[in-house]
Each structure stands twice: as structure tokens, then as C-alpha cells.
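Peer 1: Let me give you the structure first, and then I'll get to my questions.
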Amino acid sequence: MAETYLQLIKNACLQLRTCRNDITRRDLIILLARKYLQISESQLRLRLYDDEPAAADISRLFAADIEKLAQDWPLAYVSGFVDFFNSTYKIVPGVLIPRPDSEVLVEEVLESINSFPKSQAQTWTATFARRKTAAETTPERLKILEIGIGSGALLAAIAGESARELELTGTDINPAAIALSRENLACRQVKAHLEEADIFPSLTENERKYDIIYSNPPYISASEMQTLPASVAAYEPQNALQAAENGLYFYRKILQAAPAYLVNGGYILFEHGYRQKKPLQELLKKYSYDVVKWRQDYGGRDRVLVLRYFASEL
């Protein structure tokens with residue numbers, strides 16, 4: 001006799017109960033509903049108690065997915081999708097899975113975008129009263145760069161939420177990330193220049209610089225890697241997680257080179273580990289950036305650093 005959808009969920013819960021306490025019953029309902037039935041979670045819940053038999057191929061494939069979860073596969077790699085900033089994105093093994101913490105970075109990028117005047121006729125100077133810089137005309141189209149684009153979820157969220165006209169660029173050293181980002185962005189009709197590059201893209205001598213640069217770079221130290229859950233350490237790409245210099249390598253490289261890529265008065269934003277505020281404060285002493293703010297995530301942990309770059313003082 002064929003298993004019902006309810007039996008599939010119950011059996012999966014029993015199998016994972018002792019080995020994956022991070023996987024909830026709701027996670028399994030969403031997996032079954034979206035991946036195999038192409039319906040919503042609520043639609044499946046309405047059908048769970050109807051004794052509706054599951055097709056044999058669905059039962060077999062769902063059981064194989066549960067076995068992967070029991071072997072510590074990340075849920076997003078098993079399902080093939082991840083929810084981020086009110087939207088759903090395709091995800092594949094080998095590309096970093098976007099986390100809810102990164103939604104705070106998106107919010108801060110959007111706030112930085114909104115800080116620029118909306119008319120070409122307007123000019124702006126430093127918001128810091130102690131600074132006096134030559135006024136610059138802000139173009140209608142702002143130029144945005146994401147370093148380490150991953151799945152493209154952050155760039156797509158920014159494009160979807162911003163009312164401004166944006167010229168978007170994303171880089172990643174991982175060709176699989178570039179390919180997946182192209183797919184996710186195309187699904188949302190977001191146009192962007194994507195470039196396989198180690199940190200910064202190519203920029204011609206006369207090309208206009210970026211108004212905003214942001215990044216969620218690798219920032220986990222070698223010692224911290226040993227403490228990560230197996231579903232992260234064993235399956236997600238280590239070069240998207242781990243960084244040398246006690247996790248500060250990419251922050252230093254970006255801060256060092258960013259002046260060549262930022263307009264005067266441009267913003268640079270970082271997501272960082274919740275223990276990295278003090279090390280980053282020490283690192284910033286070597287560079288000439290204004291700290292706009294430190295932003296906490298919704299768990300109350302330091303998570304995002306917002307900086308502003310001024311090329312010179314008059």
C-alpha cells in the first residue's frame with residue numbers, strides 16, 4: 001500500500017529526530033510541497049489528513065532526500081532553493097547558501113542608496129559636518145559593486161527593492177557562483193555585469209567609479225572552522241567561508257584597494273562575524289575611512305559595518 005503524504009512526513013521526522021535537530025517538521029513539509037508537488041506549504045497542509053497516497057516516484061525521491069539530510073547535507077542543497085529577503089532563489093552545491101543575517105546587509109545597502117540625492121541637478125557634500133569636500137554631481141544611475149556575489153540573492157534583492165536606477169556589477173572567484181547568479185538574476189529580469197574575478201573587477205582608466213561597494217567576504221578563521229556544524233563545514237565551499245589572517249584577509253585586501261574603485265564620498269559596506277568588531281576597529285586605524293555605523297543583526301549581534309570614503313580634504 002502506498003504511503004500517504006502524512007506518513008512520508010512522519011517517517012522523515014522519526015529518521016531525523018536523533019541526528020538533525022536543526023530540521024523541523026515544517027522544513028520537511030515545505031521540501032515535499034515545493035520540490036515535488038509544486039504547491040505551497042499551506043496547500044499541502046490541507047491535504048495531509050486526506051489519506052491521499054503519494055506517487056511511488058515521489059516516495060522514493062523524498063526518501064533519498066531524507067537520507068541526504070541524515071548525512072548532514074544542508075537543507076538548501078537538498079531542496080534546491082533558499083528563501084531570502086521575501087523571495088526564493090535557486091541554490092546548488094558548491095555555492096554559498098545565503099543566510100538571514102545577510103538581509104541586514106541588504107537593508108544597509110538600500111539605506112546607503114537612498115542617501116544619494118535623486119536629481120542630477122542636486123549636488124552633495126559630506127554628511128559629516130567636520131568634512132568639506134568638493135561638491136560632486138550625483139548621477140541618476142548609481143553604480144553598485146558586490147564582491148563575492150555567490151547565488152546572486154543579495155544583488156537581486158537590492159535591485160528589486162530599490163526605486164533608484166542602478167548599474168549593477170558582481171564578482172566572484174567561483175565560476176559556479178557566476179553561473180548560478182546569472183540564472184537567479186535572469187529569473188527576476190535583473191541586468192548586471194558579472195565577472196569571474198578575485199575580489200575586484202576590471203575597471204578601465206576613464207570608467208566611472210562605484211558609488212557603493214559591499215561584500216560578505218569569507219571571514220571564518222581556521223580555528224573557527226573546526227566549530228562549524230557538519231552541514232556547513234563538510235558541504236559548503238570552504239573558499240567562501242574561511243579566510244587567512246584570523247578571518248581578516250579579505251577585509252584588509254578590499255580596504256586597501258577600494259579607493260581606486262570608489263567615488264569621492266562613496267560607501268563601502270561589510271558583513272562580518274559577530275566577534276569581529278574589535279579586530280576590524282584595529283584594522284581600520286590603518287586606513288582613511290569614516291565609520292558611518294555598526295549595525296546589529298536581529299539577534300542583537302554586531303553584523304554590518306558601514307564606511308564612507310573621502311578622497312581628500314580641502
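So you can find residues: chains in the C-alpha cells are A, B, ... in the order shown, residues in each start at 1, and ligands are numbered from 1 in order.
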Which polymer residues have any atom within 8 Å of an atom of stretch 97-114 of chain A, counting only C-alpha atoms, with same-chain residues fewer than 5 positions away left out, as a ChimeraX atom specification?
Peer 2: /A:76,82,84-85,91,142,150-151,153-154,157-158,161-162,164,212,214,216,236,267,269-271,295-298,303-304,306
Peer 1: Can you spit out the residues from that selection as a tab-separated table (two decimals), in the first residue's frame, using N, CA, C and O atoms?
Peer 2:
```tsv
chain	number	residue	atom	x	y	z
A	76	ALA	N	19.19	23.41	2.07
A	76	ALA	CA	19.06	24.16	0.82
A	76	ALA	C	19.62	23.38	-0.37
A	76	ALA	O	19.07	23.45	-1.48
A	82	VAL	N	16.35	28.37	-1.67
A	82	VAL	CA	16.54	29.03	-0.38
A	82	VAL	C	15.72	30.31	-0.39
A	82	VAL	O	15.63	31.00	-1.41
A	84	PHE	N	15.14	34.11	0.75
A	84	PHE	CA	15.97	35.24	1.17
A	84	PHE	C	15.25	36.53	0.81
A	84	PHE	O	14.84	36.73	-0.33
A	85	PHE	N	15.09	37.38	1.76
A	85	PHE	CA	14.50	38.72	1.58
A	85	PHE	C	13.19	38.64	0.79
A	85	PHE	O	13.02	39.30	-0.24
A	91	ILE	N	19.49	27.31	-5.50
A	91	ILE	CA	20.81	27.12	-4.90
A	91	ILE	C	21.33	25.75	-5.31
A	91	ILE	O	20.54	24.82	-5.48
A	142	LEU	N	23.02	54.99	-10.10
A	142	LEU	CA	24.10	54.72	-9.17
A	142	LEU	C	24.81	53.43	-9.55
A	142	LEU	O	24.18	52.46	-9.97
A	150	GLY	N	28.15	35.11	-4.94
A	150	GLY	CA	27.52	33.86	-4.52
A	150	GLY	C	26.35	33.47	-5.40
A	150	GLY	O	26.47	33.34	-6.61
A	151	SER	N	25.18	33.34	-4.80
A	151	SER	CA	23.97	32.91	-5.52
A	151	SER	C	23.29	34.05	-6.27
A	151	SER	O	22.36	33.81	-7.05
A	153	ALA	N	21.58	36.33	-4.69
A	153	ALA	CA	20.38	36.69	-3.92
A	153	ALA	C	20.44	38.12	-3.39
A	153	ALA	O	19.43	38.84	-3.43
A	154	LEU	N	21.59	38.54	-2.89
A	154	LEU	CA	21.69	39.90	-2.34
A	154	LEU	C	21.52	40.94	-3.43
A	154	LEU	O	20.78	41.92	-3.26
A	157	ALA	N	17.93	41.09	-4.53
A	157	ALA	CA	17.09	41.74	-3.52
A	157	ALA	C	17.24	43.25	-3.58
A	157	ALA	O	16.26	43.99	-3.49
A	158	ILE	N	18.48	43.72	-3.72
A	158	ILE	CA	18.74	45.16	-3.80
A	158	ILE	C	18.08	45.75	-5.04
A	158	ILE	O	17.43	46.80	-4.99
A	161	GLU	N	14.24	45.90	-4.55
A	161	GLU	CA	13.72	46.79	-3.50
A	161	GLU	C	14.01	48.26	-3.76
A	161	GLU	O	13.32	49.13	-3.21
A	162	SER	N	15.02	48.55	-4.55
A	162	SER	CA	15.41	49.95	-4.75
A	162	SER	C	14.58	50.61	-5.85
A	162	SER	O	14.35	50.03	-6.91
A	164	ARG	N	15.67	53.37	-7.18
A	164	ARG	CA	16.67	54.06	-7.99
A	164	ARG	C	17.08	53.24	-9.20
A	164	ARG	O	16.97	52.01	-9.21
A	212	ILE	N	28.81	52.66	-4.51
A	212	ILE	CA	28.69	51.77	-3.35
A	212	ILE	C	29.37	50.44	-3.66
A	212	ILE	O	29.13	49.85	-4.72
A	214	TYR	N	29.92	46.71	-1.68
A	214	TYR	CA	29.58	45.94	-0.49
A	214	TYR	C	30.02	44.50	-0.65
A	214	TYR	O	30.21	44.00	-1.76
A	216	ASN	N	30.04	40.43	1.56
A	216	ASN	CA	30.01	39.48	2.67
A	216	ASN	C	31.14	38.49	2.36
A	216	ASN	O	30.90	37.40	1.84
A	236	GLU	N	29.57	23.11	2.29
A	236	GLU	CA	29.64	24.42	1.64
A	236	GLU	C	31.08	24.75	1.26
A	236	GLU	O	32.02	24.27	1.91
A	267	TYR	N	30.31	54.79	-0.54
A	267	TYR	CA	30.14	53.91	0.62
A	267	TYR	C	30.81	52.57	0.38
A	267	TYR	O	30.87	52.07	-0.75
A	269	LEU	N	30.46	48.75	2.43
A	269	LEU	CA	29.74	48.04	3.49
A	269	LEU	C	30.23	46.60	3.57
A	269	LEU	O	30.46	45.95	2.54
A	270	PHE	N	30.38	46.11	4.79
A	270	PHE	CA	30.82	44.75	5.03
A	270	PHE	C	29.85	44.03	5.97
A	270	PHE	O	29.43	44.59	6.98
A	271	GLU	N	29.57	42.78	5.66
A	271	GLU	CA	29.05	41.88	6.68
A	271	GLU	C	30.26	41.25	7.35
A	271	GLU	O	31.27	41.00	6.70
A	295	ARG	N	26.05	48.07	12.51
A	295	ARG	CA	24.66	47.61	12.57
A	295	ARG	C	24.61	46.19	13.14
A	295	ARG	O	25.37	45.31	12.75
A	296	GLN	N	23.68	45.99	14.05
A	296	GLN	CA	23.47	44.67	14.61
A	296	GLN	C	22.44	43.90	13.79
A	296	GLN	O	21.57	44.49	13.14
A	297	ASP	N	22.55	42.57	13.82
A	297	ASP	CA	21.53	41.74	13.18
A	297	ASP	C	20.33	41.65	14.11
A	297	ASP	O	20.31	42.24	15.21
A	298	TYR	N	19.31	40.88	13.72
A	298	TYR	CA	18.09	40.82	14.51
A	298	TYR	C	18.22	39.90	15.71
A	298	TYR	O	17.28	39.78	16.50
A	303	ARG	N	27.02	42.94	13.17
A	303	ARG	CA	26.98	42.18	11.93
A	303	ARG	C	27.42	42.96	10.69
A	303	ARG	O	28.02	42.40	9.78
A	304	VAL	N	27.13	44.26	10.62
A	304	VAL	CA	27.41	45.03	9.40
A	304	VAL	C	28.14	46.31	9.75
A	304	VAL	O	27.77	47.03	10.69
A	306	VAL	N	29.35	49.95	8.10
A	306	VAL	CA	29.12	50.89	7.01
A	306	VAL	C	30.19	51.98	7.08
A	306	VAL	O	30.34	52.66	8.10
```
Peer 1: I need the residues in stretch 8-235 of chain A that are alpha helix (DSSP H) according to DSSP; give them as a CSV table (one decimal) with C-alpha atoms, in the first residue's frame.
Peer 2:
```csv
chain,number,residue,atom,x,y,z
A,8,LEU,CA,6.1,10.4,4.5
A,9,ILE,CA,6.5,13.4,6.8
A,10,LYS,CA,6.1,11.3,10.0
A,11,ASN,CA,8.7,8.8,8.8
A,12,ALA,CA,11.1,11.5,7.9
A,13,CYS,CA,10.7,13.2,11.3
A,14,LEU,CA,11.4,9.9,13.0
A,15,GLN,CA,14.5,9.2,10.9
A,16,LEU,CA,16.0,12.7,11.5
A,25,ARG,CA,8.7,19.3,10.6
A,26,ARG,CA,7.8,22.4,8.8
A,27,ASP,CA,11.0,22.3,6.8
A,28,LEU,CA,10.1,18.8,5.6
A,29,ILE,CA,6.6,19.9,4.6
A,30,ILE,CA,8.0,22.8,2.6
A,41,GLU,CA,3.1,24.8,2.3
A,42,SER,CA,-0.5,25.7,3.2
A,43,GLN,CA,-1.9,23.8,0.3
A,44,LEU,CA,0.0,20.6,1.3
A,45,ARG,CA,-1.2,21.0,5.0
A,46,LEU,CA,-4.8,21.0,3.7
A,47,ARG,CA,-4.1,17.6,2.0
A,56,ALA,CA,5.8,5.9,-5.9
A,57,ASP,CA,8.5,8.1,-7.5
A,58,ILE,CA,7.8,10.9,-5.1
A,59,SER,CA,8.1,8.5,-2.1
A,60,ARG,CA,11.4,7.1,-3.5
A,61,LEU,CA,13.0,10.5,-4.2
A,62,PHE,CA,11.8,12.1,-1.0
A,63,ALA,CA,13.3,9.1,1.0
A,64,ALA,CA,16.6,9.7,-0.8
A,65,ASP,CA,16.5,13.3,0.2
A,66,ILE,CA,15.9,12.4,3.8
A,67,GLU,CA,18.9,10.1,3.7
A,68,LYS,CA,21.0,13.0,2.4
A,69,LEU,CA,19.7,15.1,5.3
A,70,ALA,CA,20.7,12.3,7.7
A,75,LEU,CA,18.7,21.6,3.6
A,76,ALA,CA,19.1,24.2,0.8
A,77,TYR,CA,21.3,21.8,-1.3
A,78,VAL,CA,18.7,19.0,-0.9
A,79,SER,CA,15.7,21.2,-1.7
A,102,SER,CA,22.8,39.0,5.2
A,103,GLU,CA,19.4,40.6,4.9
A,104,VAL,CA,20.7,43.2,7.3
A,105,LEU,CA,23.5,44.0,4.8
A,106,VAL,CA,20.9,44.4,2.1
A,107,GLU,CA,18.9,46.8,4.2
A,108,GLU,CA,22.0,48.9,4.9
A,109,VAL,CA,22.9,49.0,1.2
A,110,LEU,CA,19.4,50.2,0.4
A,111,GLU,CA,19.7,52.9,3.0
A,112,SER,CA,23.0,54.0,1.5
A,113,ILE,CA,21.4,54.1,-1.9
A,114,ASN,CA,18.7,56.3,-0.6
A,153,ALA,CA,20.4,36.7,-3.9
A,154,LEU,CA,21.7,39.9,-2.3
A,155,LEU,CA,22.1,41.7,-5.6
A,156,ALA,CA,18.7,40.6,-6.8
A,157,ALA,CA,17.1,41.7,-3.5
A,158,ILE,CA,18.7,45.2,-3.8
A,159,ALA,CA,17.6,45.6,-7.4
A,160,GLY,CA,14.1,44.5,-6.5
A,161,GLU,CA,13.7,46.8,-3.5
A,175,PRO,CA,32.6,30.1,-11.8
A,176,ALA,CA,29.7,28.1,-10.4
A,177,ALA,CA,28.6,31.1,-8.4
A,178,ILE,CA,28.7,33.3,-11.5
A,179,ALA,CA,26.6,30.8,-13.5
A,180,LEU,CA,24.0,30.5,-10.7
A,181,SER,CA,23.8,34.3,-10.2
A,182,ARG,CA,23.2,34.7,-13.9
A,183,GLU,CA,20.3,32.3,-13.7
A,184,ASN,CA,18.8,33.8,-10.5
A,185,LEU,CA,19.1,37.4,-11.8
A,186,ALA,CA,17.7,36.5,-15.2
A,187,CYS,CA,14.6,34.9,-13.5
A,222,ALA,CA,40.9,28.3,10.6
A,223,SER,CA,40.2,27.6,14.3
A,224,GLU,CA,36.6,28.6,14.0
A,225,MET,CA,36.1,26.3,11.0
A,230,ALA,CA,29.0,19.4,9.7
A,231,SER,CA,26.3,20.6,7.3
A,232,VAL,CA,28.4,23.7,6.8
A,233,ALA,CA,32.0,22.6,7.1
```
Peer 1: Between A:Tyr210, A:Tyr274, A:Tyr235, A:Tyr287, which is the closest to A:Tyr251 once you count only C-alpha atoms?
Peer 2: A:Tyr287
Peer 1: Might you pull out every residue within 10 Å of A:Glu146, with only C-alpha atoms counted and same-chain residues fewer than 5 positions away left off, and present them as a list in words?
Peer 2: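 The neighbour list is Gly152, Leu154, Leu155, Leu168, Thr169, Gly170, Thr171, Asp172, Leu194, Ile199, Phe200, Pro201, Ile212, Ile213, Tyr214, Ser215, Asn216, Pro217, Ile268 and Leu269 of chain A.
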Peer 1: Which residues in stretch 52-192 of chain A does DSSP call strand (DSSP E or B)? List them as a ChimeraX atom specification.
Peer 2: /A:53,81-84,87-90,123-124,136-137,141-147,165-172
Peer 1: Go ahead and save the picked residues with N, CA and C atoms, as a tab-separated table (two decimals), in the first residue's frame.
Peer 2:
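Saved as again-v8.tsv:
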```tsv
chain	number	residue	atom	x	y	z
A	53	PRO	N	-2.65	9.05	-1.24
A	53	PRO	CA	-1.40	8.32	-1.44
A	53	PRO	C	-0.41	9.11	-2.27
A	81	PHE	N	16.52	25.11	-3.26
A	81	PHE	CA	16.08	26.50	-3.18
A	81	PHE	C	16.35	27.05	-1.78
A	82	VAL	N	16.35	28.37	-1.67
A	82	VAL	CA	16.54	29.03	-0.38
A	82	VAL	C	15.72	30.31	-0.39
A	83	ASP	N	15.08	30.61	0.73
A	83	ASP	CA	14.32	31.85	0.87
A	83	ASP	C	15.23	32.95	1.39
A	84	PHE	N	15.14	34.11	0.75
A	84	PHE	CA	15.97	35.24	1.17
A	84	PHE	C	15.25	36.53	0.81
A	87	SER	N	11.90	36.42	-1.06
A	87	SER	CA	11.89	35.78	-2.36
A	87	SER	C	12.59	34.43	-2.25
A	88	THR	N	12.43	33.60	-3.27
A	88	THR	CA	13.02	32.27	-3.28
A	88	THR	C	14.01	32.17	-4.42
A	89	TYR	N	15.20	31.64	-4.12
A	89	TYR	CA	16.28	31.56	-5.10
A	89	TYR	C	16.74	30.12	-5.27
A	90	LYS	N	17.17	29.82	-6.47
A	90	LYS	CA	17.78	28.52	-6.72
A	90	LYS	C	19.15	28.47	-6.05
A	123	THR	N	23.59	68.59	-5.89
A	123	THR	CA	24.95	68.17	-5.55
A	123	THR	C	24.98	67.87	-4.08
A	124	TRP	N	26.00	67.14	-3.68
A	124	TRP	CA	26.10	66.77	-2.27
A	124	TRP	C	27.52	66.93	-1.80
A	136	GLU	N	30.06	67.13	-5.71
A	136	GLU	CA	30.02	66.28	-6.90
A	136	GLU	C	28.58	66.08	-7.33
A	137	THR	N	28.35	66.07	-8.63
A	137	THR	CA	27.02	65.79	-9.13
A	137	THR	C	26.74	64.30	-9.04
A	141	ARG	N	21.77	57.27	-12.27
A	141	ARG	CA	22.05	55.84	-12.14
A	141	ARG	C	23.25	55.64	-11.22
A	142	LEU	N	23.02	54.99	-10.10
A	142	LEU	CA	24.10	54.72	-9.17
A	142	LEU	C	24.81	53.43	-9.55
A	143	LYS	N	26.10	53.42	-9.36
A	143	LYS	CA	26.92	52.27	-9.74
A	143	LYS	C	27.25	51.47	-8.48
A	144	ILE	N	26.84	50.19	-8.48
A	144	ILE	CA	26.93	49.33	-7.31
A	144	ILE	C	27.79	48.12	-7.63
A	145	LEU	N	28.67	47.75	-6.71
A	145	LEU	CA	29.51	46.56	-6.86
A	145	LEU	C	29.33	45.64	-5.66
A	146	GLU	N	29.03	44.37	-5.93
A	146	GLU	CA	29.07	43.35	-4.89
A	146	GLU	C	30.27	42.46	-5.11
A	147	ILE	N	31.11	42.33	-4.10
A	147	ILE	CA	32.28	41.46	-4.14
A	147	ILE	C	31.93	40.13	-3.48
A	165	GLU	N	17.57	53.91	-10.21
A	165	GLU	CA	18.15	53.23	-11.37
A	165	GLU	C	19.58	52.85	-11.01
A	166	LEU	N	19.90	51.57	-11.11
A	166	LEU	CA	21.18	51.06	-10.65
A	166	LEU	C	21.95	50.39	-11.79
A	167	GLU	N	23.25	50.61	-11.79
A	167	GLU	CA	24.15	49.89	-12.68
A	167	GLU	C	24.89	48.88	-11.81
A	168	LEU	N	24.57	47.60	-11.98
A	168	LEU	CA	25.00	46.57	-11.05
A	168	LEU	C	26.15	45.74	-11.60
A	169	THR	N	27.11	45.47	-10.72
A	169	THR	CA	28.23	44.60	-11.04
A	169	THR	C	28.44	43.62	-9.90
A	170	GLY	N	28.77	42.39	-10.23
A	170	GLY	CA	29.07	41.40	-9.20
A	170	GLY	C	30.28	40.59	-9.60
A	171	THR	N	31.13	40.28	-8.63
A	171	THR	CA	32.31	39.45	-8.90
A	171	THR	C	32.29	38.23	-7.99
A	172	ASP	N	32.94	37.19	-8.45
A	172	ASP	CA	33.14	36.00	-7.63
A	172	ASP	C	34.25	35.19	-8.28
```
Peer 1: Please measure the separation of atom CA of A:Phe116 and atom CA of A:Val190, giving the value in Å to one decimal.
Peer 2: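 Atom CA of A:Val190 lies 21.4 Å from atom CA of A:Phe116.
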Peer 1: Just the residues within 8 Å of stretch 280-285 of chain A, please, counting only C-alpha atoms, with nothing from its chain fewer than 3 positions along; format it as number ranges by chain.
Peer 2: A: 248, 252, 276-277, 288-289
Peer 1: Looking at A:Cys19, A:Thr4, A:Gly94, A:Leu241, which one is nearest to A:Gln71, with distances taken over only C-alpha atoms?
Peer 2: A:Cys19
Peer 1: Rounded to one decimal in Å, what is the spacing between atom CA of A:Glu207 and atom CA of A:Ala163?
Peer 2: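 Going from atom CA of A:Glu207 over to atom CA of A:Ala163 covers 24.1 Å.
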